[in-house]
$ cat model_37.cif   # mmCIF, C-alpha atoms and all ligand atoms
data_data
loop_
_atom_site.label_atom_id
_atom_site.label_comp_id
_atom_site.auth_asym_id
_atom_site.auth_seq_id
_atom_site.Cartn_x
_atom_site.Cartn_y
_atom_site.Cartn_z
CA MET Z 217 -23.43 -52.19 -47.98
CA ASN Z 218 -24.96 -55.67 -47.59
CA LYS Z 219 -27.06 -56.86 -50.48
CA ARG Z 220 -30.66 -57.23 -49.41
CA ASN Z 221 -32.31 -60.62 -49.68
CA TYR Z 222 -35.83 -59.75 -50.77
CA TYR Z 223 -36.97 -63.35 -50.76
CA LYS Z 224 -35.96 -63.70 -47.11
CA GLU Z 225 -37.70 -60.40 -46.31
CA LEU Z 226 -40.91 -61.78 -47.84
CA GLU Z 227 -40.59 -65.01 -45.85
CA ASN Z 228 -40.10 -63.03 -42.62
CA LYS Z 229 -43.19 -60.95 -43.35
CA ILE Z 230 -45.24 -64.08 -44.00
CA ASP Z 231 -44.01 -65.65 -40.72
CA GLU Z 232 -45.13 -62.51 -38.90
CA PHE Z 233 -48.61 -62.66 -40.49
CA GLN Z 234 -48.93 -66.35 -39.73
CA LYS Z 235 -47.99 -65.83 -36.07
CA ASN Z 236 -50.64 -63.14 -35.75
CA ASN Z 237 -53.24 -65.13 -37.73
CA GLU Z 238 -53.45 -62.31 -40.26
CA VAL Z 239 -54.46 -62.63 -43.90
CA PRO Z 240 -53.63 -59.21 -45.37
CA LYS Z 241 -55.31 -57.81 -48.45
CA LEU Z 242 -52.71 -57.76 -51.21
CA LEU Z 243 -52.85 -56.08 -54.60
CA LEU Z 244 -50.51 -57.98 -56.91
CA HIS Z 245 -49.43 -56.15 -60.01
CA VAL Z 246 -49.01 -58.76 -62.75
CA CYS Z 247 -47.26 -58.42 -66.09
CA CYS Z 248 -48.57 -61.62 -67.69
CA ALA Z 249 -50.11 -65.01 -66.89
CA PRO Z 250 -46.87 -67.10 -67.07
CA CYS Z 251 -45.03 -64.78 -64.65
CA SER Z 252 -47.97 -64.58 -62.27
CA SER Z 253 -48.64 -68.35 -62.21
CA HIS Z 254 -46.13 -69.17 -59.49
CA CYS Z 255 -46.64 -65.88 -57.62
CA LEU Z 256 -50.37 -66.62 -57.33
CA GLU Z 257 -49.89 -70.25 -56.42
CA PHE Z 258 -47.63 -69.13 -53.60
CA LEU Z 259 -49.30 -65.93 -52.40
CA ARG Z 260 -52.90 -67.16 -52.31
CA GLN Z 261 -51.97 -69.37 -49.36
CA TYR Z 262 -51.13 -66.39 -47.18
CA PHE Z 263 -52.94 -63.35 -48.59
CA ASP Z 264 -56.32 -62.28 -49.83
CA VAL Z 265 -55.02 -61.57 -53.34
CA THR Z 266 -56.41 -59.30 -56.03
CA VAL Z 267 -54.54 -59.12 -59.31
CA PHE Z 268 -53.94 -55.71 -60.85
CA PHE Z 269 -53.38 -55.90 -64.58
CA TYR Z 270 -51.93 -52.52 -65.47
CA ASN Z 271 -49.52 -52.69 -68.38
CA PRO Z 272 -49.65 -49.75 -70.81
CA ASN Z 273 -46.09 -50.81 -71.75
CA ILE Z 274 -47.59 -53.55 -73.95
CA THR Z 275 -47.69 -51.18 -76.85
CA GLU Z 276 -49.58 -53.39 -79.34
CA ASP Z 277 -53.28 -53.56 -78.64
CA LYS Z 278 -53.66 -57.14 -79.94
CA GLU Z 279 -50.83 -58.37 -77.74
CA TYR Z 280 -52.32 -56.59 -74.72
CA ARG Z 281 -55.73 -58.25 -75.26
CA LYS Z 282 -54.09 -61.65 -75.57
CA ARG Z 283 -52.14 -61.24 -72.32
CA VAL Z 284 -55.03 -59.93 -70.27
CA ALA Z 285 -57.28 -62.76 -71.54
CA GLU Z 286 -54.68 -65.34 -70.49
CA GLU Z 287 -54.44 -63.77 -67.04
CA LYS Z 288 -58.22 -64.01 -66.62
CA ARG Z 289 -58.19 -67.64 -67.79
CA LEU Z 290 -55.47 -68.51 -65.26
CA ILE Z 291 -57.41 -66.88 -62.42
CA GLU Z 292 -60.57 -68.78 -63.43
CA GLU Z 293 -58.59 -72.00 -63.32
CA TYR Z 294 -57.18 -71.23 -59.86
CA ASN Z 295 -60.62 -70.27 -58.56
CA ARG Z 296 -62.13 -73.46 -59.99
CA GLN Z 297 -59.53 -75.39 -57.99
CA VAL Z 298 -60.71 -73.67 -54.81
CA ASP Z 299 -64.39 -74.34 -55.59
CA GLU Z 300 -63.71 -77.99 -56.29
CA GLN Z 301 -60.91 -78.34 -53.72
CA ASP Z 302 -58.91 -79.87 -56.52
CA PHE Z 303 -55.23 -79.04 -55.99
CA GLU Z 304 -53.74 -82.02 -57.73
CA GLY Z 305 -50.24 -81.25 -58.96
CA MET Z 306 -50.22 -77.88 -57.18
CA HIS Z 307 -47.92 -76.74 -54.40
CA SER Z 308 -50.71 -74.81 -52.70
CA ASP Z 309 -52.97 -76.76 -50.40
CA ALA Z 310 -56.43 -76.28 -48.94
CA LYS Z 311 -55.46 -72.91 -47.52
CA ALA Z 312 -55.53 -71.49 -51.04
CA ARG Z 313 -58.02 -68.67 -51.51
CA LYS Z 314 -59.95 -67.31 -54.45
CA ILE Z 315 -58.38 -64.50 -56.46
CA SER Z 316 -60.03 -61.36 -57.85
CA ILE Z 317 -58.84 -59.11 -60.66
CA ILE Z 318 -58.88 -55.39 -61.36
CA GLU Z 319 -57.97 -54.38 -64.88
CA GLY Z 320 -56.26 -51.00 -64.96
CA ASP Z 321 -56.63 -48.45 -67.74
CA TYR Z 322 -54.91 -49.32 -70.97
CA ASP Z 323 -53.32 -46.34 -72.66
CA PRO Z 324 -49.83 -46.83 -74.17
CA LYS Z 325 -49.50 -43.01 -74.27
CA GLU Z 326 -48.85 -43.17 -70.49
CA TYR Z 327 -45.97 -45.54 -71.15
CA PHE Z 328 -44.45 -43.47 -73.97
CA GLU Z 329 -44.66 -40.37 -71.79
CA ALA Z 330 -42.93 -42.15 -68.88
CA VAL Z 331 -39.99 -43.43 -70.95
CA LYS Z 332 -39.56 -40.32 -73.08
CA GLY Z 333 -35.87 -39.72 -73.80
CA TYR Z 334 -34.92 -43.30 -72.87
CA GLU Z 335 -36.42 -45.12 -75.85
CA ASP Z 336 -33.05 -46.28 -77.22
CA ILE Z 337 -31.65 -47.58 -73.94
CA PRO Z 338 -31.31 -51.38 -74.09
CA GLU Z 339 -33.57 -53.62 -72.03
CA GLY Z 340 -32.57 -53.69 -68.37
CA GLY Z 341 -31.52 -50.03 -68.25
CA GLU Z 342 -33.12 -46.69 -67.45
CA ARG Z 343 -36.08 -47.18 -69.79
CA CYS Z 344 -37.13 -50.22 -67.77
CA ARG Z 345 -36.68 -48.41 -64.47
CA LYS Z 346 -39.07 -45.68 -65.68
CA CYS Z 347 -41.49 -48.36 -66.84
CA PHE Z 348 -41.40 -50.08 -63.41
CA GLU Z 349 -41.93 -46.74 -61.67
CA LEU Z 350 -45.01 -46.01 -63.77
CA ARG Z 351 -46.61 -49.38 -63.14
CA LEU Z 352 -45.76 -49.57 -59.45
CA ARG Z 353 -46.89 -46.06 -58.71
CA LYS Z 354 -50.26 -46.80 -60.31
CA THR Z 355 -50.45 -50.04 -58.31
CA ALA Z 356 -49.70 -48.18 -55.05
CA GLU Z 357 -52.33 -45.56 -55.91
CA THR Z 358 -54.95 -48.23 -56.65
CA ALA Z 359 -54.04 -50.18 -53.51
CA ALA Z 360 -54.53 -47.07 -51.38
CA LYS Z 361 -57.79 -46.14 -53.11
CA GLU Z 362 -59.28 -49.62 -52.87
CA GLY Z 363 -58.26 -50.28 -49.24
CA PHE Z 364 -55.47 -52.83 -49.70
CA GLU Z 365 -52.83 -53.16 -47.01
CA TYR Z 366 -50.00 -54.35 -49.27
CA PHE Z 367 -49.01 -54.33 -52.91
CA THR Z 368 -46.24 -56.00 -54.87
CA THR Z 369 -45.42 -57.19 -58.40
CA SER Z 370 -44.90 -60.43 -60.30
CA LEU Z 371 -42.08 -58.75 -62.22
CA THR Z 372 -39.45 -60.00 -59.74
CA ILE Z 373 -39.90 -63.52 -61.08
CA SER Z 374 -38.05 -62.64 -64.27
CA PRO Z 375 -34.34 -63.53 -64.34
CA LEU Z 376 -33.97 -60.61 -66.80
CA LYS Z 377 -35.18 -58.04 -64.29
CA ASN Z 378 -33.21 -56.60 -61.41
CA ALA Z 379 -34.94 -57.38 -58.11
CA ASP Z 380 -33.14 -54.56 -56.34
CA VAL Z 381 -34.35 -51.95 -58.86
CA LEU Z 382 -37.89 -53.33 -58.70
CA ASN Z 383 -38.09 -53.48 -54.91
CA ARG Z 384 -36.71 -49.98 -54.56
CA ALA Z 385 -39.21 -48.71 -57.14
CA GLY Z 386 -41.98 -50.38 -55.10
CA GLU Z 387 -40.81 -48.81 -51.86
CA GLU Z 388 -40.53 -45.39 -53.48
CA ALA Z 389 -44.04 -45.76 -54.91
CA ALA Z 390 -45.36 -46.55 -51.40
CA ASP Z 391 -43.53 -43.54 -49.92
CA TYR Z 392 -44.88 -41.27 -52.64
CA ILE Z 393 -48.48 -42.36 -52.20
CA ASN Z 394 -48.29 -42.33 -48.39
CA ALA Z 395 -46.92 -38.78 -48.41
CA ALA Z 396 -49.85 -37.73 -50.61
CA ILE Z 397 -52.35 -39.50 -48.30
CA THR Z 398 -50.85 -37.86 -45.19
CA GLU Z 399 -51.01 -34.46 -46.81
CA LYS Z 400 -54.67 -34.96 -47.66
CA GLU Z 401 -56.00 -36.90 -44.68
CA GLY Z 402 -53.53 -36.32 -41.83
CA SER Z 403 -50.93 -38.51 -40.18
CA LEU Z 404 -53.44 -41.04 -38.77
CA ALA Z 405 -54.70 -42.02 -42.22
CA ARG Z 406 -54.24 -45.68 -43.17
CA LYS Z 407 -51.15 -46.33 -45.27
CA VAL Z 408 -50.26 -48.85 -47.90
CA PHE Z 409 -47.08 -50.97 -47.76
CA PHE Z 410 -44.91 -52.50 -50.43
CA LEU Z 411 -44.32 -56.23 -49.94
CA PRO Z 412 -40.71 -57.11 -50.82
CA SER Z 413 -40.26 -60.04 -53.20
CA ASP Z 414 -37.88 -61.98 -55.37
CA PHE Z 415 -40.19 -64.63 -56.77
CA LYS Z 416 -37.58 -66.22 -59.00
CA LYS Z 417 -35.76 -67.55 -55.92
CA LYS Z 418 -36.27 -71.08 -54.52
CA GLU Z 419 -36.97 -72.33 -58.05
CA GLY Z 420 -39.85 -69.89 -58.45
CA TYR Z 421 -38.96 -69.17 -62.06
CA LYS Z 422 -38.71 -72.89 -62.84
CA ARG Z 423 -42.09 -73.41 -61.22
CA SER Z 424 -43.62 -70.67 -63.39
CA ILE Z 425 -42.48 -72.59 -66.49
CA GLU Z 426 -43.97 -75.83 -65.17
CA LEU Z 427 -47.28 -74.09 -64.42
CA SER Z 428 -47.30 -72.37 -67.81
CA CYS Z 429 -46.96 -75.78 -69.48
CA ARG Z 430 -49.57 -77.33 -67.23
CA PHE Z 431 -52.17 -74.67 -68.08
CA GLY Z 432 -51.01 -74.20 -71.68
CA LEU Z 433 -50.40 -70.49 -71.09
CA TYR Z 434 -49.37 -68.22 -73.90
CA ARG Z 435 -45.70 -67.30 -73.37
CA GLN Z 436 -44.63 -64.23 -75.31
CA GLU Z 437 -41.10 -63.95 -76.65
CA TYR Z 438 -40.49 -60.38 -75.56
CA CYS Z 439 -41.10 -58.21 -72.52
CA GLY Z 440 -43.88 -55.91 -73.71
CA CYS Z 441 -42.96 -52.68 -75.43
CA GLY Z 442 -42.24 -52.34 -79.14
CA PHE Z 443 -38.60 -51.59 -78.27
CA SER Z 444 -38.17 -54.93 -76.54
CA LYS Z 445 -39.91 -56.69 -79.44
CA ALA Z 446 -37.50 -55.11 -81.93
CA GLU Z 447 -34.53 -56.02 -79.69
CA ARG Z 448 -35.65 -59.66 -79.51
CA GLU Z 449 -36.12 -59.82 -83.28
CA ARG Z 450 -32.64 -58.39 -83.81
CA GLN Z 451 -31.16 -60.97 -81.45
CA LYS Z 452 -32.95 -63.77 -83.28
CA GLU Z 453 -31.55 -62.55 -86.59
CA GLU Z 454 -28.02 -62.37 -85.12
CA ASN Z 455 -28.30 -65.91 -83.72
CA LYS Z 456 -29.19 -67.19 -87.19
CA ARG Z 457 -25.91 -65.87 -88.60
S1 LIG Z 501 -38.42 -53.89 -71.92
FE1 LIG Z 501 -40.14 -54.38 -70.57
S2 LIG Z 501 -39.69 -53.37 -68.61
FE2 LIG Z 501 -38.36 -52.48 -70.18
S3 LIG Z 501 -39.45 -50.69 -70.92
FE3 LIG Z 501 -40.01 -52.34 -72.28
S4 LIG Z 501 -41.87 -53.22 -71.40
FE4 LIG Z 501 -40.94 -51.95 -69.82
#

$ encode --input "model_37.cif" --output "structure tokens"
Amino acid sequence: MNKRNYYKELENKIDEFQKNNEVPKLLLHVCCAPCSSHCLEFLRQYFDVTVFFYNPNITEDKEYRKRVAEEKRLIEEYNRQVDEQDFEGMHSDAKARKISIIEGDYDPKEYFEAVKGYEDIPEGGERCRKCFELRLRKTAETAAKEGFEYFTTSLTISPLKNADVLNRAGEEAADYINAAITEKEGSLARKVFFLPSDFKKKEGYKRSIELSCRFGLYRQEYCGCGFSKAERERQKEENKR
């Protein structure tokens, strides 16, 4: 089976929207400000973007507050650029649009429930797949409820995360929600679509580091859950030896 190129699929979608003069409403799940910096710089040129900060996987309350505050600060900065038409040093141009944010519920119990039985699996395995499923399903649900046409996630920018697993989790979340909508409202009800992505491609990851430096964004050393924090600390200890 041919490996899918999710970046190319995103480009093709954007070409289609551009040809039809469409600016779809997109709900972008974001994990943190550094990862979302490039995604937002890129997507706001083509979509009417709302950020969805839903991350019950950040199991420490203090860490969660820090990350959500940084996301809000980044969005304020991007919106200021639009108000002042000041895009110096940015890749986006005057087409850039303002960004809104929806903060999802924060309850780490939802995360612990979702990854139950997989706690000891190393990062990148089944525990992460469950974690993606939880966050993407909630994003799909919110997108459908709030009238968005598309949803996607900033998570594909991470070189540590498997784009195939993430995109498939996104597509499954869309199928799940659409089946529920059809059951409730009938087959003519409006559906929500997952937008494929692989934001790390075409130097997207590198750009996210440049933008993080430019805006002085807080860059955490671990993914989010206490398990990943412990794993990172163990690795640091091993590297010292
Ligand atoms: S390492 Fe990251 S993706 Fe994996 S379970 Fe923890 S928070 Fe979720």

$ residues_near_ligand --input "model_37.cif" --ligand "ligand LIG 501 (chain Z)" --cutoff "8 Å" --atoms "all atoms listed in the file" --output "list in words"
Asn273, Ile274, Val331, Pro338, Glu339, Gly340, Gly341, Arg343, Cys344, Arg345, Lys346, Cys347, Phe348, Lys377, Tyr438, Cys439, Gly440, Cys441, Gly442, Phe443 and Ser444 of chain Z

$ atom_distance --input "model_37.cif" --atom1 "atom CA of Glu342 of chain Z" --atom2 "atom CA of Ala330 of chain Z"
10.9 Å

$ residues_around --input "model_37.cif" --residues "Asp299 of chain Z" --least-positions-apart "3" --cutoff "12 Å" --atoms "all atoms listed in the file" --output "JSON, numbers by chain"
{"Z": [292, 293, 294, 295, 296, 302, 303, 310, 312, 313, 314, 315]}

$ closest_residue --input "model_37.cif" --among "Z:Thr358, Z:Ser413, Z:Thr275, Z:Asn218" --to "Ile393 of chain Z" --atoms "only C-alpha atoms"
Z:Thr358

$ closest_residue --input "model_37.cif" --among "Z:Glu419, Z:Glu388, Z:Glu399, Z:Glu335" --to "Tyr223 of chain Z" --atoms "all atoms listed in the file"
Z:Glu419

$ atom_distance --input "model_37.cif" --atom1 "atom CA of Asn378 of chain Z" --atom2 "atom CA of Gly363 of chain Z"
28.6 Å

$ closest_residue --input "model_37.cif" --among "Z:Ile337, Z:Leu371, Z:Leu226, Z:Ala285" --to "Val246 of chain Z" --atoms "all atoms listed in the file"
Z:Leu371

$ closest_residue --input "model_37.cif" --among "Z:Ala379, Z:Ala385, Z:Leu427, Z:Leu433" --to "Phe258 of chain Z" --atoms "all atoms listed in the file"
Z:Leu427

$ closest_residue --input "model_37.cif" --among "Z:Ala356, Z:Ile291, Z:Cys247, Z:Leu411" --to "Phe263 of chain Z" --atoms "only C-alpha atoms"
Z:Leu411

$ closest_residue --input "model_37.cif" --among "Z:Lys229, Z:Lys416, Z:Arg289, Z:Lys278" --to "Gly432 of chain Z" --atoms "all atoms listed in the file"
Z:Arg289

$ residues_near_point --input "model_37.cif" --point "(-46.7, -39.7, -50.1)" --cutoff "12 Å" --atoms "only C-alpha atoms" --output "PDB file with C-alpha atoms, in the frame of the given file"
ATOM      1  CA  ARG Z 353     -46.890 -46.060 -58.710  1.00  0.00           C
ATOM      2  CA  ALA Z 356     -49.700 -48.180 -55.050  1.00  0.00           C
ATOM      3  CA  GLU Z 357     -52.330 -45.560 -55.910  1.00  0.00           C
ATOM      4  CA  ALA Z 360     -54.530 -47.070 -51.380  1.00  0.00           C
ATOM      5  CA  GLU Z 387     -40.810 -48.810 -51.860  1.00  0.00           C
ATOM      6  CA  GLU Z 388     -40.530 -45.390 -53.480  1.00  0.00           C
ATOM      7  CA  ALA Z 389     -44.040 -45.760 -54.910  1.00  0.00           C
ATOM      8  CA  ALA Z 390     -45.360 -46.550 -51.400  1.00  0.00           C
ATOM      9  CA  ASP Z 391     -43.530 -43.540 -49.920  1.00  0.00           C
ATOM     10  CA  TYR Z 392     -44.880 -41.270 -52.640  1.00  0.00           C
ATOM     11  CA  ILE Z 393     -48.480 -42.360 -52.200  1.00  0.00           C
ATOM     12  CA  ASN Z 394     -48.290 -42.330 -48.390  1.00  0.00           C
ATOM     13  CA  ALA Z 395     -46.920 -38.780 -48.410  1.00  0.00           C
ATOM     14  CA  ALA Z 396     -49.850 -37.730 -50.610  1.00  0.00           C
ATOM     15  CA  ILE Z 397     -52.350 -39.500 -48.300  1.00  0.00           C
ATOM     16  CA  THR Z 398     -50.850 -37.860 -45.190  1.00  0.00           C
ATOM     17  CA  GLU Z 399     -51.010 -34.460 -46.810  1.00  0.00           C
ATOM     18  CA  LYS Z 400     -54.670 -34.960 -47.660  1.00  0.00           C
ATOM     19  CA  GLU Z 401     -56.000 -36.900 -44.680  1.00  0.00           C
ATOM     20  CA  GLY Z 402     -53.530 -36.320 -41.830  1.00  0.00           C
ATOM     21  CA  SER Z 403     -50.930 -38.510 -40.180  1.00  0.00           C
ATOM     22  CA  ALA Z 405     -54.700 -42.020 -42.220  1.00  0.00           C
ATOM     23  CA  ARG Z 406     -54.240 -45.680 -43.170  1.00  0.00           C
ATOM     24  CA  LYS Z 407     -51.150 -46.330 -45.270  1.00  0.00           C
ATOM     25  CA  VAL Z 408     -50.260 -48.850 -47.900  1.00  0.00           C
ATOM     26  CA  PHE Z 409     -47.080 -50.970 -47.760  1.00  0.00           C
TER      27      PHE Z 409
END

$ residues_around --input "model_37.cif" --residues "Lys417 of chain Z" --least-positions-apart "2" --cutoff "10 Å" --atoms "only C-alpha atoms" --output "PyMOL selection string"
chain Z and resi 221-224+372-375+413-415+419-422

$ atom_distance --input "model_37.cif" --atom1 "atom CA of Ala446 of chain Z" --atom2 "atom CA of Asp321 of chain Z"
24.7 Å

$ residues_around --input "model_37.cif" --residues "His245 of chain Z" --least-positions-apart "3" --cutoff "6 Å" --atoms "all atoms listed in the file" --output "NGL selection string"
:Z and (267-268 or 369)

$ residues_around --input "model_37.cif" --residues "Ser308 of chain Z" --least-positions-apart "6" --cutoff "8 Å" --atoms "all atoms listed in the file" --output "PyMOL selection string"
chain Z and resi 257-258+260-261

$ axis_aligned_box --input "model_37.cif" --around "segment 299-312 of chain Z" --padding-each-side "4 Å" --output "AutoDock Vina command-line options"
--center_x -56.2 --center_y -76.8 --center_z -53.2 --size_x 24.5 --size_y 18.5 --size_z 19.4
